[in-house]
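Single-structure report; data block below.
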Amino acid sequence: MAQKNYTNERFAALRKLLRKNKLDGFIVTNNLDQFYLTNFFFYPNEAVFLVHKKGVTCFTRELYVEPFGKFAPQMEVIGDENRIVSAIAKARKLGLARPGFDAAKETYVSGGLLRASGFVEAGSFITTLRETKDAAELKILRESNRIAYLTYEYIKPRLKTGMTEFEVAAEMEKFMRAHGATTTSFYTIVAFGENAANPHHETSARKLKAEDAVLMDFGCVYKGYCSDITRSWWHGKKEPAEYTKIWNIVDKARKQGIKAVGVGVPCKKVDATSRGIISAAGYGEYYTHGTGHGVGIEIHEEPYNSQQSSSVLAEGNIVTVEPGIYLPGKFGVRLEDTMAVSKTGAKILTKK
């Protein structure tokens with residue numbers, strides 16, 4: 001999609017939500033929302049967008065004026081160190097009667113300043129738009145997840161007794177970068193043995209033993225979009241019967257959870273499907289997190305496949321299914337795939 005069309009379509013969708021909520025302007029300060037709208041990456045707190053009736057004005061650091069000005073010629077780009085204050089002044093100059101801001105994404109200080117300046121607390125409109133991915137986003141997300149899957153295929157046969165979790169993570173991250181990733185989606189989790197019983201283990205200097213459980217949860221960022229995959233297996237030839245048992249239970253929960261994914265399905269149902277299998281097998285107390293989450297520009301986005309969610313899956317959502325069983329002091333198993341929600345069900349993205 002051409003850059004100008006991409007930007008115009010995203011802003012047009014935002015303006016539609018503004019009209020629906022009787023707003024004649026909107027301020028965007030979140031850098032990932034800015035990336036979604038323009039496909040240009042600013043670091044946090046380096047730009048402020050003011051969407052108004054005459055177009056969009058970007059207040060940014062001087063060093064961005066030339067590159068972003070060329071990148072988005074349809075936007076007014078101003079170098080300014082008092083970005084939010086200048087955006088408020090611009091809104092007044094334009095006579096905006098009811099400009100809004102995303103109350104959930106502002107700090108106490110900036111939110112208070114905007115309220116005092118006549119801006120209206122509004123919903124997270126861009127978050128809502130980001131939940132449903134278009135064809136261009138789906139293509140990027142497919143490649144991001146393919147790179148992650150290829151990394152799993154690359155690293156599994158290369159694991160050697162005596163390697164540390166750190167060493168393995170470094171090999172994985174090097175592979176992902178060599179295949180087009182700009183960074184990791186989150187801190188790569190490599191967990192050996194008892195460390196695999198901690199769902200969010202911090203990768204360490206723990207060495208791989210001759211007979212050990214292995215759990216890897218990782219992903220990469222490709223063209224601004226995240227991937228997420230988890231694989232678990234036994235390293236060695238003497239796999240304990242208990243490990244085999246919980247692996248098969250988790251795999252069944254993963255497969256049935258994926259089958260439950262579809263347009264119009266409540267997120268609670270996906271969670272209940274996977275959770276029900278693990279609970280029926282007697283391991284419910286050892287499944288200590290939700291079944292999945294949305295993935296996109298951020299690694300954790302709406303909608304969430306959990307019992308707390310009131311969301312219903314829609315076409316274009318990208319979600320994970322990642323059930324797990326964790327036995328403290330022993331080992332844990334988690335198996336995760338990322339998929340696109342389509343009219344025909346779940347399309348797995350974490351594959352070749």
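Order determines the names: the first chain of the structure tokens is A, the second B, and so forth; residues in each chain are numbered 1 upward, and ligands are numbered 1 upward as they are shown.
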### Spatial neighbours of Val214 (chain A), max dist 9 Å, only C-alpha atoms, sep filter under 4 positions, as a list of chain:residue names
A:Val190, A:Ala191, A:Phe192, A:Gly193, A:Asn195, A:Ala196, A:Leu208, A:Arg231, A:Ser232, A:Trp233, A:Trp234, A:His235, A:Phe331, A:Gly332, A:Val333
With N, CA and C atoms retained, export the selected residues as a PDB file, in the first residue's frame.
```pdb
ATOM      1  N   VAL A 190      14.152 -18.318  27.737  1.00  0.00           N
ATOM      2  CA  VAL A 190      14.695 -19.663  27.594  1.00  0.00           C
ATOM      3  C   VAL A 190      14.779 -20.223  29.004  1.00  0.00           C
ATOM      4  N   ALA A 191      14.078 -21.330  29.260  1.00  0.00           N
ATOM      5  CA  ALA A 191      14.001 -21.887  30.605  1.00  0.00           C
ATOM      6  C   ALA A 191      14.336 -23.370  30.585  1.00  0.00           C
ATOM      7  N   PHE A 192      15.289 -23.755  31.410  1.00  0.00           N
ATOM      8  CA  PHE A 192      15.699 -25.152  31.531  1.00  0.00           C
ATOM      9  C   PHE A 192      15.254 -25.711  32.881  1.00  0.00           C
ATOM     10  N   GLY A 193      14.837 -26.974  32.875  1.00  0.00           N
ATOM     11  CA  GLY A 193      14.524 -27.680  34.117  1.00  0.00           C
ATOM     12  C   GLY A 193      13.471 -26.993  34.944  1.00  0.00           C
ATOM     13  N   ASN A 195      13.314 -24.099  35.993  1.00  0.00           N
ATOM     14  CA  ASN A 195      12.999 -22.733  35.549  1.00  0.00           C
ATOM     15  C   ASN A 195      11.766 -22.701  34.646  1.00  0.00           C
ATOM     16  N   ALA A 196      11.482 -23.808  33.969  1.00  0.00           N
ATOM     17  CA  ALA A 196      10.322 -23.884  33.075  1.00  0.00           C
ATOM     18  C   ALA A 196       9.000 -23.880  33.838  1.00  0.00           C
ATOM     19  N   LEU A 208      22.130 -26.235  30.623  1.00  0.00           N
ATOM     20  CA  LEU A 208      21.280 -27.349  30.219  1.00  0.00           C
ATOM     21  C   LEU A 208      21.925 -28.668  30.639  1.00  0.00           C
ATOM     22  N   ARG A 231       7.393 -23.074  22.655  1.00  0.00           N
ATOM     23  CA  ARG A 231       7.560 -24.502  22.456  1.00  0.00           C
ATOM     24  C   ARG A 231       8.231 -25.105  23.684  1.00  0.00           C
ATOM     25  N   SER A 232       7.846 -26.329  24.021  1.00  0.00           N
ATOM     26  CA  SER A 232       8.393 -27.053  25.163  1.00  0.00           C
ATOM     27  C   SER A 232       8.725 -28.473  24.731  1.00  0.00           C
ATOM     28  N   TRP A 233       9.827 -28.997  25.213  1.00  0.00           N
ATOM     29  CA  TRP A 233      10.184 -30.391  24.926  1.00  0.00           C
ATOM     30  C   TRP A 233      11.177 -30.892  25.962  1.00  0.00           C
ATOM     31  N   TRP A 234      11.451 -32.200  25.911  1.00  0.00           N
ATOM     32  CA  TRP A 234      12.411 -32.804  26.835  1.00  0.00           C
ATOM     33  C   TRP A 234      13.736 -32.993  26.119  1.00  0.00           C
ATOM     34  N   HIS A 235      14.801 -32.512  26.745  1.00  0.00           N
ATOM     35  CA  HIS A 235      16.158 -32.683  26.217  1.00  0.00           C
ATOM     36  C   HIS A 235      16.756 -33.934  26.860  1.00  0.00           C
ATOM     37  N   PHE A 331       9.188 -28.842  36.628  1.00  0.00           N
ATOM     38  CA  PHE A 331       9.252 -28.357  35.247  1.00  0.00           C
ATOM     39  C   PHE A 331       7.888 -27.819  34.846  1.00  0.00           C
ATOM     40  N   GLY A 332       7.815 -27.238  33.679  1.00  0.00           N
ATOM     41  CA  GLY A 332       6.551 -26.738  33.154  1.00  0.00           C
ATOM     42  C   GLY A 332       6.478 -26.937  31.655  1.00  0.00           C
ATOM     43  N   VAL A 333       5.273 -26.905  31.132  1.00  0.00           N
ATOM     44  CA  VAL A 333       5.038 -27.032  29.697  1.00  0.00           C
ATOM     45  C   VAL A 333       4.074 -25.931  29.265  1.00  0.00           C
TER      46      VAL A 333
END
```
### Task
List every residue of region 205-270 of chain A that DSSP, applied to the backbone, labels as helix (DSSP H, G or I), and write the result as a ChimeraX atom specification.
/A:241-260,267-270
Just-selected residues, N, CA, C and O atoms written as an mmCIF file, in the first residue's frame:
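Result file is again_29.cif:
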```cif
data_model
loop_
_atom_site.group_PDB
_atom_site.id
_atom_site.type_symbol
_atom_site.label_atom_id
_atom_site.label_comp_id
_atom_site.auth_asym_id
_atom_site.auth_seq_id
_atom_site.Cartn_x
_atom_site.Cartn_y
_atom_site.Cartn_z
ATOM 1 N N ALA A 241 7.681 -39.887 32.758
ATOM 2 C CA ALA A 241 6.286 -40.158 32.386
ATOM 3 C C ALA A 241 5.392 -38.971 32.725
ATOM 4 O O ALA A 241 4.456 -38.648 31.980
ATOM 5 N N GLU A 242 5.683 -38.305 33.839
ATOM 6 C CA GLU A 242 4.868 -37.158 34.243
ATOM 7 C C GLU A 242 5.005 -36.005 33.245
ATOM 8 O O GLU A 242 4.025 -35.313 32.942
ATOM 9 N N TYR A 243 6.227 -35.809 32.730
ATOM 10 C CA TYR A 243 6.431 -34.753 31.737
ATOM 11 C C TYR A 243 5.645 -35.075 30.461
ATOM 12 O O TYR A 243 4.951 -34.215 29.914
ATOM 13 N N THR A 244 5.743 -36.327 30.001
ATOM 14 C CA THR A 244 5.009 -36.757 28.799
ATOM 15 C C THR A 244 3.508 -36.535 28.984
ATOM 16 O O THR A 244 2.810 -36.055 28.077
ATOM 17 N N LYS A 245 3.032 -36.865 30.192
ATOM 18 C CA LYS A 245 1.600 -36.733 30.485
ATOM 19 C C LYS A 245 1.150 -35.283 30.388
ATOM 20 O O LYS A 245 0.168 -34.984 29.687
ATOM 21 N N ILE A 246 1.879 -34.365 31.070
ATOM 22 C CA ILE A 246 1.410 -32.970 31.045
ATOM 23 C C ILE A 246 1.621 -32.348 29.664
ATOM 24 O O ILE A 246 0.827 -31.505 29.236
ATOM 25 N N TRP A 247 2.662 -32.753 28.940
ATOM 26 C CA TRP A 247 2.875 -32.230 27.583
ATOM 27 C C TRP A 247 1.668 -32.570 26.709
ATOM 28 O O TRP A 247 1.162 -31.711 25.973
ATOM 29 N N ASN A 248 1.207 -33.808 26.781
ATOM 30 C CA ASN A 248 0.074 -34.239 25.947
ATOM 31 C C ASN A 248 -1.226 -33.537 26.348
ATOM 32 O O ASN A 248 -2.051 -33.210 25.488
ATOM 33 N N ILE A 249 -1.399 -33.281 27.636
ATOM 34 C CA ILE A 249 -2.594 -32.558 28.096
ATOM 35 C C ILE A 249 -2.573 -31.125 27.551
ATOM 36 O O ILE A 249 -3.576 -30.622 27.028
ATOM 37 N N VAL A 250 -1.411 -30.473 27.664
ATOM 38 C CA VAL A 250 -1.279 -29.090 27.185
ATOM 39 C C VAL A 250 -1.457 -29.037 25.665
ATOM 40 O O VAL A 250 -2.106 -28.124 25.140
ATOM 41 N N ASP A 251 -0.913 -30.009 24.969
ATOM 42 C CA ASP A 251 -1.060 -30.029 23.506
ATOM 43 C C ASP A 251 -2.529 -30.176 23.111
ATOM 44 O O ASP A 251 -3.000 -29.522 22.173
ATOM 45 N N LYS A 252 -3.253 -31.015 23.836
ATOM 46 C CA LYS A 252 -4.690 -31.171 23.564
ATOM 47 C C LYS A 252 -5.430 -29.861 23.838
ATOM 48 O O LYS A 252 -6.299 -29.441 23.056
ATOM 49 N N ALA A 253 -5.050 -29.197 24.936
ATOM 50 C CA ALA A 253 -5.677 -27.917 25.285
ATOM 51 C C ALA A 253 -5.377 -26.866 24.230
ATOM 52 O O ALA A 253 -6.231 -26.032 23.901
ATOM 53 N N ARG A 254 -4.149 -26.889 23.698
ATOM 54 C CA ARG A 254 -3.772 -25.947 22.628
ATOM 55 C C ARG A 254 -4.609 -26.206 21.368
ATOM 56 O O ARG A 254 -5.198 -25.276 20.795
ATOM 57 N N LYS A 255 -4.672 -27.468 20.955
ATOM 58 C CA LYS A 255 -5.405 -27.806 19.726
ATOM 59 C C LYS A 255 -6.886 -27.491 19.834
ATOM 60 O O LYS A 255 -7.490 -26.952 18.885
ATOM 61 N N GLN A 256 -7.489 -27.815 20.965
ATOM 62 C CA GLN A 256 -8.916 -27.544 21.134
ATOM 63 C C GLN A 256 -9.181 -26.045 21.274
ATOM 64 O O GLN A 256 -10.208 -25.545 20.807
ATOM 65 N N GLY A 257 -8.252 -25.334 21.904
ATOM 66 C CA GLY A 257 -8.378 -23.884 22.009
ATOM 67 C C GLY A 257 -8.340 -23.232 20.642
ATOM 68 O O GLY A 257 -9.119 -22.311 20.352
ATOM 69 N N ILE A 258 -7.455 -23.715 19.779
ATOM 70 C CA ILE A 258 -7.362 -23.188 18.414
ATOM 71 C C ILE A 258 -8.646 -23.472 17.645
ATOM 72 O O ILE A 258 -9.167 -22.608 16.917
ATOM 73 N N LYS A 259 -9.198 -24.662 17.823
ATOM 74 C CA LYS A 259 -10.457 -25.012 17.148
ATOM 75 C C LYS A 259 -11.607 -24.116 17.599
ATOM 76 O O LYS A 259 -12.549 -23.860 16.838
ATOM 77 N N ALA A 260 -11.535 -23.639 18.843
ATOM 78 C CA ALA A 260 -12.608 -22.787 19.386
ATOM 79 C C ALA A 260 -12.570 -21.371 18.826
ATOM 80 O O ALA A 260 -13.561 -20.650 18.875
ATOM 81 N N CYS A 267 -14.261 -14.398 23.794
ATOM 82 C CA CYS A 267 -12.903 -14.744 24.225
ATOM 83 C C CYS A 267 -12.929 -15.676 25.437
ATOM 84 O O CYS A 267 -12.057 -16.536 25.585
ATOM 85 N N LYS A 268 -13.936 -15.511 26.283
ATOM 86 C CA LYS A 268 -14.085 -16.370 27.464
ATOM 87 C C LYS A 268 -14.220 -17.842 27.057
ATOM 88 O O LYS A 268 -13.751 -18.732 27.769
ATOM 89 N N LYS A 269 -14.875 -18.090 25.931
ATOM 90 C CA LYS A 269 -15.095 -19.466 25.491
ATOM 91 C C LYS A 269 -13.781 -20.133 25.080
ATOM 92 O O LYS A 269 -13.561 -21.317 25.335
ATOM 93 N N VAL A 270 -12.902 -19.356 24.425
ATOM 94 C CA VAL A 270 -11.602 -19.903 24.033
ATOM 95 C C VAL A 270 -10.826 -20.301 25.287
ATOM 96 O O VAL A 270 -10.261 -21.400 25.367
#
```
### Task
Could you give me, as a PyMOL selection string, the residues within 10 Å of region 149-158 of chain A, counting only C-alpha atoms and dropping anything in the same chain fewer than 5 positions from it?
chain A and resi 143-144+163+168-169+171-176+179+214+216-220+227-231+233+235+337+349-352
With N, CA, C and O atoms kept, could you save the residues just selected as a compact mmCIF listing (two decimals), in the first residue's frame?
```txt
# COMPACT_ATOMS: atom_id res chain seq x y z
N GLU A 143 4.75 -12.92 8.21
CA GLU A 143 6.20 -13.03 8.07
C GLU A 143 6.90 -12.95 9.43
O GLU A 143 7.85 -13.69 9.68
N SER A 144 6.42 -12.07 10.30
CA SER A 144 7.00 -11.96 11.63
C SER A 144 6.92 -13.30 12.37
O SER A 144 7.89 -13.75 13.00
N MET A 163 25.12 -25.85 27.47
CA MET A 163 24.83 -24.48 27.03
C MET A 163 24.02 -23.77 28.09
O MET A 163 23.20 -24.39 28.78
N VAL A 168 21.78 -19.70 24.47
CA VAL A 168 20.73 -20.13 23.54
C VAL A 168 19.90 -18.93 23.07
O VAL A 168 19.62 -18.79 21.87
N ALA A 169 19.53 -18.06 24.01
CA ALA A 169 18.76 -16.86 23.65
C ALA A 169 19.53 -16.00 22.66
O ALA A 169 18.95 -15.46 21.70
N GLU A 171 21.77 -16.95 20.46
CA GLU A 171 21.73 -17.62 19.14
C GLU A 171 20.40 -17.37 18.44
O GLU A 171 20.34 -17.12 17.24
N MET A 172 19.33 -17.47 19.20
CA MET A 172 18.00 -17.26 18.64
C MET A 172 17.82 -15.83 18.14
O MET A 172 17.30 -15.60 17.05
N GLU A 173 18.27 -14.88 18.95
CA GLU A 173 18.10 -13.47 18.58
C GLU A 173 18.96 -13.10 17.37
O GLU A 173 18.53 -12.31 16.51
N LYS A 174 20.13 -13.68 17.28
CA LYS A 174 20.99 -13.46 16.11
C LYS A 174 20.30 -13.99 14.85
O LYS A 174 20.29 -13.33 13.80
N PHE A 175 19.71 -15.18 14.95
CA PHE A 175 19.01 -15.79 13.81
C PHE A 175 17.85 -14.91 13.35
O PHE A 175 17.65 -14.67 12.15
N MET A 176 17.07 -14.42 14.31
CA MET A 176 15.91 -13.58 13.96
C MET A 176 16.34 -12.30 13.25
O MET A 176 15.75 -11.91 12.25
N HIS A 179 17.33 -12.74 9.73
CA HIS A 179 16.19 -13.01 8.83
C HIS A 179 15.21 -11.84 8.75
O HIS A 179 14.06 -12.02 8.35
N VAL A 214 12.85 -28.22 28.60
CA VAL A 214 13.17 -26.99 27.88
C VAL A 214 11.86 -26.26 27.56
O VAL A 214 10.90 -26.89 27.09
N MET A 216 10.74 -22.49 25.66
CA MET A 216 11.16 -21.25 25.00
C MET A 216 9.93 -20.46 24.57
O MET A 216 9.07 -20.97 23.89
N ASP A 217 9.88 -19.22 25.01
CA ASP A 217 8.80 -18.31 24.64
C ASP A 217 9.47 -17.07 24.06
O ASP A 217 10.24 -16.39 24.75
N PHE A 218 9.19 -16.77 22.79
CA PHE A 218 9.94 -15.70 22.15
C PHE A 218 9.18 -15.18 20.93
O PHE A 218 8.14 -15.72 20.53
N GLY A 219 9.73 -14.13 20.35
CA GLY A 219 9.15 -13.57 19.13
C GLY A 219 10.03 -12.43 18.67
O GLY A 219 10.98 -12.04 19.33
N CYS A 220 9.69 -11.89 17.51
CA CYS A 220 10.49 -10.79 16.95
C CYS A 220 9.57 -9.69 16.45
O CYS A 220 8.35 -9.87 16.33
N SER A 227 5.67 -10.97 16.80
CA SER A 227 5.28 -12.38 16.73
C SER A 227 5.45 -12.99 18.11
O SER A 227 6.14 -12.43 18.97
N ASP A 228 4.84 -14.16 18.32
CA ASP A 228 4.87 -14.81 19.64
C ASP A 228 4.66 -16.30 19.47
O ASP A 228 3.69 -16.74 18.84
N ILE A 229 5.58 -17.09 20.02
CA ILE A 229 5.50 -18.54 19.93
C ILE A 229 6.13 -19.14 21.18
O ILE A 229 7.09 -18.59 21.72
N THR A 230 5.58 -20.24 21.66
CA THR A 230 6.19 -20.98 22.76
C THR A 230 6.24 -22.45 22.40
O THR A 230 5.26 -23.00 21.89
N ARG A 231 7.39 -23.07 22.66
CA ARG A 231 7.56 -24.50 22.46
C ARG A 231 8.23 -25.10 23.68
O ARG A 231 9.07 -24.47 24.33
N TRP A 233 9.83 -29.00 25.21
CA TRP A 233 10.18 -30.39 24.93
C TRP A 233 11.18 -30.89 25.96
O TRP A 233 11.69 -30.12 26.78
N HIS A 235 14.80 -32.51 26.75
CA HIS A 235 16.16 -32.68 26.22
C HIS A 235 16.76 -33.93 26.86
O HIS A 235 17.00 -33.96 28.06
N ASP A 337 0.65 -20.87 19.93
CA ASP A 337 0.63 -20.44 18.53
C ASP A 337 -0.11 -19.11 18.44
O ASP A 337 -0.99 -18.81 19.25
N LEU A 349 -0.43 -18.62 12.22
CA LEU A 349 0.64 -17.83 11.61
C LEU A 349 2.02 -18.35 11.99
O LEU A 349 2.99 -18.11 11.26
N THR A 350 2.11 -19.05 13.13
CA THR A 350 3.40 -19.56 13.60
C THR A 350 3.72 -20.89 12.92
O THR A 350 3.56 -21.97 13.51
N LYS A 351 4.11 -20.81 11.68
CA LYS A 351 4.48 -21.98 10.89
C LYS A 351 5.41 -21.51 9.78
O LYS A 351 5.67 -20.33 9.63
N LYS A 352 5.92 -22.47 8.96
CA LYS A 352 6.82 -22.11 7.86
C LYS A 352 6.10 -21.26 6.83
O LYS A 352 4.93 -21.45 6.56
```
### Message
So that I can check the secondary structure, give me every residue of region 128-290 of chain A assigned strand (DSSP E) by backbone DSSP, as a list in words.
### Response
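So, restricting region 128-290 of chain A to strand (DSSP E), we get Thr183, Thr184, Ile189, Val190, Ala191, Phe192, Asp212, Ala213, Val214, Leu215, Met216, Asp217, Phe218, Cys220, Val221, Tyr222, Tyr225, Cys226, Ile229, Thr230, Arg231, Ser232, Trp233, Trp234 and His235 of chain A.
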## Note on the structure
From the list A:Leu32, A:Ala213, A:Leu94, A:Ala122, the nearest residue to Lys20 (chain A) using only C-alpha atoms is A:Ala122
### Task
Give the answer as one residue: which of A:Phe166, A:Tyr43, A:Asp24, A:Leu141 has the shortest atom-to-atom distance to Arg92 (chain A), using only C-alpha atoms?
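Among A:Phe166, A:Tyr43, A:Asp24, A:Leu141, it is A:Asp24 that comes nearest to Arg92 (chain A).
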